[in-house]
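Written out below as structure tokens is the structure these notes cover.
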Amino acid sequence: AAGAAGVVIFNEGQPGRTDTLAGTAGEPTVSIPVVGTSFAIGQELAAAGTVLHLKTDTISEMRTTENVIADSRWGDPNKVVQLGAHLDSVLAGPGINDNGSGSAAILEVAETLAKVPTRNKLRFSWWSAEELGLLGSEHYVATLSAEEQARTKLYLNFDMVASPNYSLMIYDGDDSDATGAPAGPEGSAEIEKLFEKYFDVLRQGHVGTDFTGRSDYGPFIGVGIPSGGLFTGAEGIKTAAEQALFGGTAGQAYDSCYHQACDTIANVNDKALALNTGAIATAAVVYGFSRDLPGP
Ligand code: PHE
Ligand code: ZN
Ligand code: ZN
Ligand code: ZN
């Protein structure tokens, strides 16, 4: 694709990583920031006359895909409490922990609460194409009207909630662990505190995890919607302190099958899944009935 506009190249990128695409002798080398797992070669590069020689082992193709959104029958439509999990997986494997786990957990909560007349409206969302760069959630948030956006009071994200070598991680709404990561919008710390309280009541340890932008909360925090959620770890390595809190094996990945063919039904920790599903149900009920939702 020599400078062609609109060509989409898929690769296994990481946010913040820059891929360097070397030109042949005498041609410029360009660096392209990789967003999620896809990026586009835009008009700008083509217009600038840049010649790109791209090598990729994944052939791109166009597909249409859909988010699945389910609203509760009851509840004030001006006060929407939204929960989400991505339903897609990477091509490499079946994606059972990433993210059958979160998808199944919110489905279970949706079914359980289906006949409960909450004060606020619950909106369950199963995002498409997260693995291609948060495409489903980006599209959803980008196409909300200003009114619909204002009605969305908070967003809770569940991506990988049953990692085999899990840590129980709660999105850090206020950067209280001072890693310098961006804090969430106002109200996000209050959501973090609810999840902390749930685990505290169970005498169960928990740790914070930064809003890195690597999952579907990204577009929501991008427009200032208070956000939170749970995570049990991906390719990161469990620390000794985490082993003390959760068992498992320090020095090994939280999910050694992350984005691989072995992310099968065998790649699920039942205890983590049960604890997190309980936390999701608790948050859905608390925020489903709250008169005073987090946020400004
Ligand atoms: N979104 C990542 C994926 O689907 C996993 C992830 C979730 C990483 C949350 C960091 C934080 O592969
Ligand atoms: Zn993934
Ligand atoms: Zn995921
Ligand atoms: Zn915090």
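Chain labels run A, B, ... following the order of the structure tokens; each chain numbers its residues from 1, and ligands are numbered from 1 in the order shown.
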**Q.** Nearby residues (only C-alpha atoms) at most 10 Å from A:Gln204, same-chain spacing under 4 positions excluded, as JSON, numbers by chain
**A.** {"A": [168, 196, 197, 198, 199, 200, 245, 246, 275]}
Q. Hey, which residues come within 7 Å of ligand 4 if we count only C-alpha atoms and all ligand atoms? Could you give them as an NGL selection string?
A. :A and (172-177 or 189 or 192 or 208)
Q) Got a sec: who's within 8 Å of A:Ala234, counting only C-alpha atoms, leaving out chain neighbours fewer than 4 positions off, as a PyMOL selection string? A) chain A and resi 160+163+253-256+258
C-alpha atoms of the current selection, written as a short mmCIF file (atom, residue, chain, number, x, y, z; two decimals), in the first residue's frame:
data_model
loop_
_atom_site.label_atom_id
_atom_site.label_comp_id
_atom_site.auth_asym_id
_atom_site.auth_seq_id
_atom_site.Cartn_x
_atom_site.Cartn_y
_atom_site.Cartn_z
CA MET A 160 -11.22 -9.75 31.68
CA SER A 163 -7.95 -14.34 34.79
CA ALA A 253 1.36 -13.33 33.94
CA TYR A 254 -2.16 -12.80 35.26
CA ASP A 255 -3.36 -14.49 32.09
CA SER A 256 -0.64 -16.49 30.33
CA TYR A 258 -3.89 -13.59 26.88
#
Q: From the DSSP assignment of the backbone, select every residue of stretch 157-191 of chain A that is helix (DSSP H, G or I), and format the answer as a PyMOL selection string.
A: chain A and resi 188-191
Taking only C-alpha atoms and all ligand atoms into account, produce a table as JSON lines in which each residue of chain A with an atom at most 9 Å from an atom of ligand 3 appears once, together with its shortest atom pair and the distance in Å to one decimal, ordered by chain and rising number.
{"residue": "A:Ala85", "atom": "CA", "partner": "ligand 3", "partner_atom_place_in_ligand_line": "1 (Zn)", "distance": 8.1}
{"residue": "A:His86", "atom": "CA", "partner": "ligand 3", "partner_atom_place_in_ligand_line": "1 (Zn)", "distance": 6.5}
{"residue": "A:Leu87", "atom": "CA", "partner": "ligand 3", "partner_atom_place_in_ligand_line": "1 (Zn)", "distance": 8.6}
{"residue": "A:Asp88", "atom": "CA", "partner": "ligand 3", "partner_atom_place_in_ligand_line": "1 (Zn)", "distance": 8.2}
{"residue": "A:Ser89", "atom": "CA", "partner": "ligand 3", "partner_atom_place_in_ligand_line": "1 (Zn)", "distance": 7.3}
{"residue": "A:Val90", "atom": "CA", "partner": "ligand 3", "partner_atom_place_in_ligand_line": "1 (Zn)", "distance": 8.8}
{"residue": "A:Gly95", "atom": "CA", "partner": "ligand 3", "partner_atom_place_in_ligand_line": "1 (Zn)", "distance": 8.2}
{"residue": "A:Asn97", "atom": "CA", "partner": "ligand 3", "partner_atom_place_in_ligand_line": "1 (Zn)", "distance": 8.1}
{"residue": "A:Asp98", "atom": "CA", "partner": "ligand 3", "partner_atom_place_in_ligand_line": "1 (Zn)", "distance": 4.6}
{"residue": "A:Asn99", "atom": "CA", "partner": "ligand 3", "partner_atom_place_in_ligand_line": "1 (Zn)", "distance": 5.1}
{"residue": "A:Gly100", "atom": "CA", "partner": "ligand 3", "partner_atom_place_in_ligand_line": "1 (Zn)", "distance": 8.9}
{"residue": "A:Gly102", "atom": "CA", "partner": "ligand 3", "partner_atom_place_in_ligand_line": "1 (Zn)", "distance": 8.6}
{"residue": "A:Glu130", "atom": "CA", "partner": "ligand 3", "partner_atom_place_in_ligand_line": "1 (Zn)", "distance": 7.0}
{"residue": "A:Glu131", "atom": "CA", "partner": "ligand 3", "partner_atom_place_in_ligand_line": "1 (Zn)", "distance": 6.8}
{"residue": "A:Phe158", "atom": "CA", "partner": "ligand 3", "partner_atom_place_in_ligand_line": "1 (Zn)", "distance": 8.4}
{"residue": "A:Asp159", "atom": "CA", "partner": "ligand 3", "partner_atom_place_in_ligand_line": "1 (Zn)", "distance": 4.8}
{"residue": "A:Met160", "atom": "CA", "partner": "ligand 3", "partner_atom_place_in_ligand_line": "1 (Zn)", "distance": 5.8}
{"residue": "A:Arg214", "atom": "CA", "partner": "ligand 3", "partner_atom_place_in_ligand_line": "1 (Zn)", "distance": 8.3}
{"residue": "A:Ser215", "atom": "CA", "partner": "ligand 3", "partner_atom_place_in_ligand_line": "1 (Zn)", "distance": 6.6}
{"residue": "A:Asp216", "atom": "CA", "partner": "ligand 3", "partner_atom_place_in_ligand_line": "1 (Zn)", "distance": 8.6}
{"residue": "A:Ala234", "atom": "CA", "partner": "ligand 3", "partner_atom_place_in_ligand_line": "1 (Zn)", "distance": 8.4}
{"residue": "A:His259", "atom": "CA", "partner": "ligand 3", "partner_atom_place_in_ligand_line": "1 (Zn)", "distance": 8.8}
Q: Identify, on the basis of only C-alpha atoms, every residue whose closest approach to A:Thr152 does not exceed 8 Å; exclude the query and any residue fewer than 3 positions from it along the same chain; express the result as a PyMOL selection string.
A: chain A and resi 78-82+148-149+155+225
Selection export as a PDB file, in the first residue's frame, atoms kept: N, CA, C and O atoms:
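File produced: selection_10.pdb:
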ATOM      1  N   ASN A  78     -33.891   9.513  32.114  1.00  0.00           N
ATOM      2  CA  ASN A  78     -32.942  10.624  32.207  1.00  0.00           C
ATOM      3  C   ASN A  78     -31.767  10.304  33.118  1.00  0.00           C
ATOM      4  O   ASN A  78     -30.866  11.115  33.266  1.00  0.00           O
ATOM      5  N   LYS A  79     -31.826   9.134  33.738  1.00  0.00           N
ATOM      6  CA  LYS A  79     -30.726   8.714  34.612  1.00  0.00           C
ATOM      7  C   LYS A  79     -30.314   7.301  34.243  1.00  0.00           C
ATOM      8  O   LYS A  79     -30.833   6.323  34.764  1.00  0.00           O
ATOM      9  N   VAL A  80     -29.400   7.227  33.316  1.00  0.00           N
ATOM     10  CA  VAL A  80     -28.973   5.939  32.773  1.00  0.00           C
ATOM     11  C   VAL A  80     -27.674   5.489  33.442  1.00  0.00           C
ATOM     12  O   VAL A  80     -26.689   6.229  33.470  1.00  0.00           O
ATOM     13  N   VAL A  81     -27.727   4.280  33.992  1.00  0.00           N
ATOM     14  CA  VAL A  81     -26.547   3.628  34.568  1.00  0.00           C
ATOM     15  C   VAL A  81     -26.135   2.556  33.569  1.00  0.00           C
ATOM     16  O   VAL A  81     -26.863   1.593  33.336  1.00  0.00           O
ATOM     17  N   GLN A  82     -24.970   2.742  32.937  1.00  0.00           N
ATOM     18  CA  GLN A  82     -24.576   1.864  31.838  1.00  0.00           C
ATOM     19  C   GLN A  82     -23.460   0.921  32.253  1.00  0.00           C
ATOM     20  O   GLN A  82     -22.501   1.324  32.915  1.00  0.00           O
ATOM     21  N   GLU A 148     -28.464  12.730  25.046  1.00  0.00           N
ATOM     22  CA  GLU A 148     -28.259  11.329  25.440  1.00  0.00           C
ATOM     23  C   GLU A 148     -27.003  11.193  26.298  1.00  0.00           C
ATOM     24  O   GLU A 148     -26.960  10.416  27.240  1.00  0.00           O
ATOM     25  N   GLN A 149     -25.995  11.977  25.925  1.00  0.00           N
ATOM     26  CA  GLN A 149     -24.754  11.926  26.696  1.00  0.00           C
ATOM     27  C   GLN A 149     -24.994  12.411  28.131  1.00  0.00           C
ATOM     28  O   GLN A 149     -24.513  11.810  29.083  1.00  0.00           O
ATOM     29  N   TYR A 155     -20.670   4.969  33.782  1.00  0.00           N
ATOM     30  CA  TYR A 155     -20.341   3.817  32.956  1.00  0.00           C
ATOM     31  C   TYR A 155     -19.427   2.866  33.735  1.00  0.00           C
ATOM     32  O   TYR A 155     -18.421   3.290  34.322  1.00  0.00           O
ATOM     33  N   ILE A 225     -17.843  11.249  31.409  1.00  0.00           N
ATOM     34  CA  ILE A 225     -18.828  10.437  32.129  1.00  0.00           C
ATOM     35  C   ILE A 225     -18.111   9.666  33.251  1.00  0.00           C
ATOM     36  O   ILE A 225     -17.133   8.961  32.982  1.00  0.00           O
TER      37      ILE A 225
END
Q.
One number please: atom CA of A:Leu194 to atom CA of A:Ala283, in Å, one decimal.
A. 7.3 Å
Q: From stretch 61-218 of chain A, collect each residue whose DSSP state is strand (DSSP E or B) and return the set as an NGL selection string.
A: :A and (68-71 or 76-86 or 120-127 or 152-158 or 169-171 or 207-209)
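Remark: for A:Val161, the closest of the candidate residues A:Val285, A:Leu107, A:Ala274, A:Leu83 is A:Ala274 (distances computed over only C-alpha atoms).
Among the candidates A:Ile221, A:Ala240, A:Ala281, A:Ala129, the residue lying nearest to A:Val68 is A:Ala129 (atoms considered: only C-alpha atoms).
With distances restricted to only C-alpha atoms and all ligand atoms, A:Gly229 is the closest residue to ligand 1 from A:Gly229, A:Gly75, A:Pro182, A:Gly251.
If you look at atom CA of A:Gly84 and atom CA of A:Leu134, they are 12.0 Å away from each other.
Pairwise distance (atom CA of A:Ala183, atom CA of A:Asp210) equals 8.1 Å.
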